[in-house]
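Taking it in order: structure first as structure tokens, then the write-up.
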Amino acid sequence: MKRLSILMLLTLFIMVGAVGAQDAVTVTWWMEPSGSDDHVQELIIDVFNASHDNIQIDYQPQESINDQLRPALQAGVGPDIVWLAGNAAASQYVAGGFLLPLTGYADAYGWADKLLPWAYGAGIVAGELYSIPVTYESMVLFYNKTVFEENGWEVPRTADELWSLAQQTADMGLVPFPYGNATWQPSNEHLMGIYLNNYAGPDNVYAALIGEKAWTDSEFAEATDLLREHIADLGWFGGSLEDYYSLGGNDPTAMFASGEGTMMMSGTWMFRGLGPAFEETGMEWDWAPLPPFSEDADMQVGPYSYDLALGGNLGVNAATEHPEEVGIVLDFLLSDKARILELASTTGFGEWVIPLRYEIDDFPPGTDERVLRFHSDFAETTGAGRYGYTAWTFWPARANQQLWEAIELVWAGEMSVEEYLENHAAEWAQDAADGLVLSILPRE
Amino acid sequence: MAFKIDSRVGVTSAYRWRQILSNYIFLAPVVALNLIVIVIPSLTSVYISMTKWSGLNQPEFVGLANFERLINDPIYWKSLSHNVIWTIFFLTIPVAMGLTGAFLLSGIKRFQMVYRVAFFIPYVIASVVNTELWRTLLHPRHGIGAWLAKQGIEGFDIRVFGSKHTALYGVAFVDSWHFWGFLVIVYLAAMYQVQPDLYEVAILEGASRFQRFRHVTVPGIRPTLVFTLLMIMIWSVPAFDYIYLLTDGGPAHASEVLGTYLYNMSFFRFEVGYAAAIGVTMALITAFIVAIFVILRRRGWEI
């Protein structure tokens, strides 16, 4: 009798388990591998799966995801949640009808109130929300604090101070701005974006983005020529133009952390790599906002501004069989600031900082003061309307690719700045004709 | 015999038809496979090359517009010229090294296998590993050149992949480093097929080592040699992996080839129609190369 009871009990458990397993919906999620995938699994996926009996996330980091996603979606076998390489890519998938509009979820779950307005707006194509951002970032001036203190240098607050210090460090045999594109050619757009925004000014860039100003105008030509002079003539980035093309991966960070390089114009994703690199050398780093590069006050929006940038987006496969469950998964991501910041902390706040409306108290205890200072000042400054635009977040695909690829012809002396910008304007016009220019929130 | 002559003809004819049918049945899987993975995608590519298509939206038929654009695209011609340089490089340097290596190896008995394995190892290592190896060795800050410069030996700390003057040749060097060992093994196998009597006669006639190589070895391995030259020319058209991994066609398109240009068009710019047009021209170039060899063969060349 006792055996029979145990047997019946076991059978009941198996049946319940089987029914449970049948009911559970699996939501597949393709993601670009980031080095944080174990943490994502532990802090997001496992937590979600443990708290949702009827939905299970199958998180799949995919190598070369850009190459794989297109054929997968075309074949109708793609995942439910897809990682997209920015808004330009998202708009292409939207044009093909491969992404599900998320406006319904956004309205139901109140995502517009959870996400930063500009980040929410960046996911809108033709009036519908199609993607949500994975992380936000901006471009700043990192500097080797130890080298600065040893030499008694002040942090540059103006273009004159910045260029004068760059020349001084170059004269000392140091590299003013260690940087390179050997392992990621589109790194060129980091610099082009900085020079366009910081020289021509965010208002002018905005006017060009919405088609009210020509890319061939003198402000953009002067900005492009200034970068050409700094990178090709003066060799400030990497040490020489050939060095810039030869350095990649961790090379610039290593040069910066060793004191061989003094400053870096780069993105806040560097928060992730700077800590370990400087720990090895025993030096210290810090950051400051990039000053305006032009003395013309009319072109600037204040003492400094921050360029808005998103690092990847999440969209939903239009062919998903589980739209409701996918909405629950995405809302889970956007609903717990503490959980997201805990995940972001594992990357030194260089990645996975989903642009939610954080208060400074939301950041976990022990967060690096430099990181806190950035997020606090970024919120205050961009909230005051002092922000610019990064190419990978606000440019359409063809114009974006031309921006970072053809600039090398200018640097090589094989193309004039004027011809480069004329080509850029032509690419932009082509993107506009195809309806692929991204919507930009009006500046206040 | 139980059959009349007419019946026998009927049986023979039926047998022949059965045989033909069975041949086609056995061929069918291969034909089907080739249809699926070669013929249909090729025909589809030709169609796509005549469309404006992002790879995601609805293709818009534009006729020959993509090919007209190719004619006026300086980067396309630059890439094509780099493919020509690439082909010439691989038809000369690795072939010369492969022939020399194989000839020298054919003359030694001890440790030959060790050398063969050593030469062949780079060929079986993944291109990602090979490129990282050479990127490190030729690194401007901590590579061989930089180390030599620190020892006071100047002139070697050049930015091989960072200079527009050397990038293409630098990548070709790395690729040929991994490739020449393959040629050594192929040529060595062919050299073993050359009749030893010919060498003995040549020695008796007082031929030097180089003369034996020139007048006995090379003619003896001619079919293999020509075959490898043909394959090198064909393989050079879609050259991609080493260039993509080391320079991605840069700097300033200095190492751009048709393969990397096509890839960037398709995956960065979402211009799949234009990329397909580039692909079609690559296929035509390959067909042209093969046609030349076929014509030469029909004219009696031993290839």
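Ordering of the structure tokens sets the chain letters (A, B, ...), residue numbers begin anew at 1 in every chain, and ligands are numbered from 1 in the order given.
Shell of B:Met282 at 12 Å, with only C-alpha atoms counted and residues fewer than 6 places along the chain excluded, is B:Ser42, B:Ser45, B:Val46, B:Tyr76, B:Ser79, B:Leu80, B:Asn83, B:Val84, B:Met233, B:Ile234, B:Trp235, B:Ser236, B:Val237, B:Pro238, B:Ala239, B:Val257, B:Leu258, B:Gly259, B:Tyr261, B:Leu262, B:Ala275, B:Ala276, B:Phe288, B:Ile289.
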Distance cut-off 12 Å, counting only C-alpha atoms - which residues of chain B neighbour chain A? Return them as a ChimeraX atom specification. /B:52-60,74-75,131-132,135-136,138-143,157-167,243-254,256,261,263-272
Contact table stretch 259-283 of chain A vs stretch 33-52 of chain A, cut-off 12 Å, shortest pair per residue, only C-alpha atoms, as JSON lines:
```
{"residue": "A:Trp269", "atom": "CA", "partner": "A:Ser34", "partner_atom": "CA", "distance": 11.6}
{"residue": "A:Arg272", "atom": "CA", "partner": "A:Gly35", "partner_atom": "CA", "distance": 10.7}
{"residue": "A:Gly273", "atom": "CA", "partner": "A:Gly35", "partner_atom": "CA", "distance": 11.6}
```
Emit the selected residues as a short mmCIF file (atom, residue, chain, number, x, y, z; two decimals), in the first residue's frame, including all heavy atoms.
```
data_model
loop_
_atom_site.label_atom_id
_atom_site.label_comp_id
_atom_site.auth_asym_id
_atom_site.auth_seq_id
_atom_site.Cartn_x
_atom_site.Cartn_y
_atom_site.Cartn_z
N TRP A 269 31.57 53.78 -22.62
CA TRP A 269 31.76 52.34 -22.53
C TRP A 269 33.16 52.02 -22.00
O TRP A 269 33.41 50.92 -21.54
CB TRP A 269 31.56 51.67 -23.91
CG TRP A 269 32.42 52.22 -25.01
CD1 TRP A 269 33.71 51.86 -25.28
CD2 TRP A 269 32.08 53.21 -25.97
NE1 TRP A 269 34.19 52.58 -26.35
CE2 TRP A 269 33.21 53.41 -26.81
CE3 TRP A 269 30.94 53.96 -26.22
CZ2 TRP A 269 33.22 54.32 -27.86
CZ3 TRP A 269 30.95 54.86 -27.27
CH2 TRP A 269 32.07 55.04 -28.08
N ARG A 272 34.27 50.48 -18.52
CA ARG A 272 34.47 49.05 -18.27
C ARG A 272 35.94 48.64 -18.28
O ARG A 272 36.38 47.89 -17.43
CB ARG A 272 33.72 48.25 -19.34
CG ARG A 272 33.86 46.76 -19.15
CD ARG A 272 33.05 45.99 -20.15
NE ARG A 272 32.78 44.67 -19.65
CZ ARG A 272 31.96 43.81 -20.21
NH1 ARG A 272 31.31 44.13 -21.29
NH2 ARG A 272 31.77 42.62 -19.70
N GLY A 273 36.67 49.15 -19.27
CA GLY A 273 38.05 48.68 -19.45
C GLY A 273 39.09 49.48 -18.69
O GLY A 273 40.19 48.98 -18.45
#
```
Do you know which residues are at most 9 Å from A:Val140 counting only C-alpha atoms, after dropping those on the same chain fewer than 2 positions away, and could you put them as a PyMOL selection string? chain A and resi 138+142+264-268+287-290+306-307
Spatial neighbours of stretch 378-395 of chain A, max dist 7 Å, only C-alpha atoms, sep filter under 6 positions, as a ChimeraX atom specification: /A:86-88,189,193,197,202,301-302,305-310,438,444
Could the residues in this selection be saved with N, CA, C and O atoms as a compact mmCIF listing (two decimals), in the first residue's frame?
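The resulting file, selection_18.txt, is shown below:
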```txt
# COMPACT_ATOMS: atom_id res chain seq x y z
N GLY A 86 21.73 49.17 -33.57
CA GLY A 86 21.41 50.59 -33.65
C GLY A 86 20.11 50.87 -34.37
O GLY A 86 19.48 49.99 -34.97
N ASN A 87 19.74 52.16 -34.34
CA ASN A 87 18.46 52.56 -34.91
C ASN A 87 18.43 52.45 -36.43
O ASN A 87 17.38 52.19 -37.02
N ALA A 88 19.58 52.69 -37.08
CA ALA A 88 19.62 52.61 -38.54
C ALA A 88 19.28 51.19 -38.98
O ALA A 88 18.50 50.98 -39.92
N GLU A 189 33.85 56.94 -36.67
CA GLU A 189 32.65 57.75 -36.44
C GLU A 189 32.64 58.34 -35.04
O GLU A 189 31.96 59.34 -34.81
N GLY A 193 31.91 62.22 -35.13
CA GLY A 193 30.76 62.71 -34.36
C GLY A 193 31.17 63.79 -33.37
O GLY A 193 30.51 64.82 -33.25
N ASN A 197 29.88 67.70 -33.70
CA ASN A 197 29.08 68.28 -32.62
C ASN A 197 29.83 69.39 -31.88
O ASN A 197 29.26 70.42 -31.56
N PRO A 202 25.82 71.40 -31.62
CA PRO A 202 24.66 70.49 -31.69
C PRO A 202 23.47 71.06 -32.45
O PRO A 202 22.76 70.33 -33.13
N VAL A 301 26.15 75.46 -27.39
CA VAL A 301 24.94 75.46 -26.56
C VAL A 301 25.28 75.61 -25.08
O VAL A 301 24.51 75.24 -24.22
N GLY A 302 26.45 76.14 -24.79
CA GLY A 302 26.84 76.31 -23.40
C GLY A 302 28.29 75.94 -23.23
O GLY A 302 29.01 75.73 -24.22
N SER A 305 28.57 70.12 -23.79
CA SER A 305 27.35 69.33 -23.97
C SER A 305 27.75 67.87 -24.03
O SER A 305 28.94 67.54 -24.09
N TYR A 306 26.76 67.00 -24.00
CA TYR A 306 27.02 65.56 -24.13
C TYR A 306 26.32 65.04 -25.38
O TYR A 306 25.16 65.38 -25.63
N ASP A 307 27.04 64.22 -26.14
CA ASP A 307 26.41 63.59 -27.30
C ASP A 307 25.58 62.40 -26.83
O ASP A 307 26.03 61.60 -26.01
N LEU A 308 24.38 62.32 -27.37
CA LEU A 308 23.49 61.20 -27.01
C LEU A 308 23.86 59.97 -27.82
O LEU A 308 24.08 60.06 -29.03
N ALA A 309 23.91 58.83 -27.16
CA ALA A 309 24.27 57.59 -27.88
C ALA A 309 23.60 56.41 -27.23
O ALA A 309 23.45 56.35 -26.00
N LEU A 310 23.20 55.47 -28.07
CA LEU A 310 22.65 54.20 -27.59
C LEU A 310 23.52 53.07 -28.11
O LEU A 310 23.94 53.11 -29.27
N LEU A 438 16.14 58.82 -39.83
CA LEU A 438 15.51 58.52 -38.54
C LEU A 438 14.79 59.74 -37.98
O LEU A 438 15.19 60.88 -38.23
N GLU A 444 14.51 71.41 -27.63
CA GLU A 444 13.74 72.39 -26.88
C GLU A 444 14.51 73.69 -26.79
O GLU A 444 15.73 73.68 -26.77
```
Restricting the calculation to only C-alpha atoms, which member of A:Ile57, A:Met270, A:Leu234, A:Leu333 is positioned closest to A:Thr347?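 Distance minimum relative to A:Thr347 lands on A:Met270.
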Selected residue, from B:Lys150, B:Arg18, B:Arg297, B:His82, that lies nearest to B:Thr260 when counting only C-alpha atoms: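 Once distances to B:Thr260 are computed over only C-alpha atoms, the minimum belongs to B:His82.
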So which bits of stretch 99-167 of chain B end up alpha helix (DSSP H) when you DSSP the backbone, as a PyMOL selection string? chain B and resi 99-106+112-124+127-137+144-150+167
What lies within 8 Å of B:Phe90 using only C-alpha atoms, ignoring chain neighbours under 4 positions off, as a list in words?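 So, after excluding close chain neighbours, the residues are Trp86, Pro94, Val95, Ala172, Ser176 and Ile232 of chain B.
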Go ahead and save the picked residues with all heavy atoms, as a CSV table (one decimal), in the first residue's frame.
```
chain,number,residue,atom,x,y,z
B,86,TRP,N,46.7,40.9,-56.1
B,86,TRP,CA,46.6,39.7,-55.2
B,86,TRP,C,46.9,38.5,-56.0
B,86,TRP,O,47.6,37.6,-55.6
B,86,TRP,CB,45.2,39.7,-54.6
B,86,TRP,CG,45.0,38.7,-53.6
B,86,TRP,CD1,44.5,37.4,-53.7
B,86,TRP,CD2,45.2,38.8,-52.1
B,86,TRP,NE1,44.4,36.7,-52.5
B,86,TRP,CE2,44.8,37.6,-51.5
B,86,TRP,CE3,45.6,39.9,-51.3
B,86,TRP,CZ2,44.9,37.4,-50.2
B,86,TRP,CZ3,45.6,39.7,-50.0
B,86,TRP,CH2,45.3,38.5,-49.4
B,94,PRO,N,54.1,32.6,-53.5
B,94,PRO,CA,53.9,31.3,-52.9
B,94,PRO,C,54.2,30.1,-53.8
B,94,PRO,O,54.7,29.1,-53.4
B,94,PRO,CB,52.4,31.3,-52.6
B,94,PRO,CG,52.0,32.6,-52.7
B,94,PRO,CD,52.9,33.3,-53.6
B,95,VAL,N,54.0,30.3,-55.1
B,95,VAL,CA,54.3,29.2,-56.1
B,95,VAL,C,55.8,29.0,-56.2
B,95,VAL,O,56.3,27.8,-56.1
B,95,VAL,CB,53.7,29.6,-57.5
B,95,VAL,CG1,54.3,28.6,-58.5
B,95,VAL,CG2,52.2,29.5,-57.5
B,172,ALA,N,48.7,40.0,-48.0
B,172,ALA,CA,49.0,38.9,-48.9
B,172,ALA,C,50.1,38.1,-48.4
B,172,ALA,O,50.1,36.8,-48.6
B,172,ALA,CB,49.3,39.6,-50.3
B,176,SER,N,49.8,34.2,-47.8
B,176,SER,CA,50.7,33.3,-48.5
B,176,SER,C,51.5,32.4,-47.5
B,176,SER,O,51.9,31.3,-47.8
B,176,SER,CB,51.6,34.0,-49.5
B,176,SER,OG,52.5,34.8,-48.8
B,232,ILE,N,44.7,29.0,-58.1
B,232,ILE,CA,45.0,30.2,-57.4
B,232,ILE,C,44.3,31.4,-58.0
B,232,ILE,O,43.8,32.3,-57.3
B,232,ILE,CB,46.6,30.4,-57.5
B,232,ILE,CG1,47.3,29.5,-56.5
B,232,ILE,CG2,47.0,31.9,-57.2
B,232,ILE,CD1,48.8,29.5,-56.7
```
Just the residues within 8 Å of stretch 115-119 of chain B, please, counting only C-alpha atoms, with nothing from its chain fewer than 6 positions along; format it as a CSV table (one decimal) with all heavy atoms, in the first residue's frame.
```
chain,number,residue,atom,x,y,z
B,105,LEU,N,62.9,19.5,-50.5
B,105,LEU,CA,62.4,18.4,-49.6
B,105,LEU,C,62.6,17.1,-50.4
B,105,LEU,O,62.8,16.0,-49.7
B,105,LEU,CB,61.0,18.6,-49.2
B,105,LEU,CG,60.7,19.4,-47.9
B,105,LEU,CD1,59.2,19.4,-47.6
B,105,LEU,CD2,61.5,18.8,-46.8
B,180,TRP,N,51.6,28.6,-48.6
B,180,TRP,CA,52.6,28.0,-49.4
B,180,TRP,C,53.0,26.6,-49.0
B,180,TRP,O,53.4,25.7,-49.8
B,180,TRP,CB,53.9,28.9,-49.4
B,180,TRP,CG,54.7,28.7,-48.2
B,180,TRP,CD1,54.5,29.2,-46.9
B,180,TRP,CD2,56.0,28.0,-48.1
B,180,TRP,NE1,55.5,28.8,-46.0
B,180,TRP,CE2,56.4,28.1,-46.7
B,180,TRP,CE3,56.8,27.3,-49.0
B,180,TRP,CZ2,57.6,27.5,-46.3
B,180,TRP,CZ3,57.9,26.7,-48.5
B,180,TRP,CH2,58.3,26.8,-47.2
B,181,GLY,N,52.7,26.3,-47.7
B,181,GLY,CA,53.0,24.9,-47.3
B,181,GLY,C,52.1,23.9,-48.0
B,181,GLY,O,52.5,22.7,-48.2
B,182,PHE,N,50.9,24.3,-48.3
B,182,PHE,CA,49.9,23.5,-49.0
B,182,PHE,C,50.5,23.2,-50.4
B,182,PHE,O,50.5,22.0,-50.9
B,182,PHE,CB,48.6,24.2,-49.2
B,182,PHE,CG,47.7,23.6,-50.1
B,182,PHE,CD1,47.0,22.4,-49.9
B,182,PHE,CD2,47.4,24.2,-51.4
B,182,PHE,CE1,46.1,21.9,-50.8
B,182,PHE,CE2,46.6,23.6,-52.3
B,182,PHE,CZ,45.9,22.5,-52.0
B,184,VAL,N,53.7,23.2,-51.2
B,184,VAL,CA,54.8,22.3,-51.0
B,184,VAL,C,54.4,20.8,-51.1
B,184,VAL,O,55.0,20.0,-51.8
B,184,VAL,CB,55.6,22.6,-49.7
B,184,VAL,CG1,56.6,21.5,-49.4
B,184,VAL,CG2,56.3,23.9,-49.8
B,185,ILE,N,53.3,20.5,-50.3
B,185,ILE,CA,52.9,19.2,-50.3
B,185,ILE,C,52.3,18.7,-51.6
B,185,ILE,O,52.6,17.6,-52.1
B,185,ILE,CB,51.8,19.0,-49.2
B,185,ILE,CG1,52.3,19.4,-47.8
B,185,ILE,CG2,51.2,17.6,-49.1
B,185,ILE,CD1,53.6,18.7,-47.3
```
Minimum-distance residue to A:Thr253, chosen among A:Met415, A:Asn144, A:Pro101, A:Asp296 (using only C-alpha atoms):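 Looking only at the distances to A:Thr253, the closest residue turns out to be A:Asn144.
Here atom CA of A:Ser258 is placed at a distance of 18.7 Å from atom CA of A:Val155.
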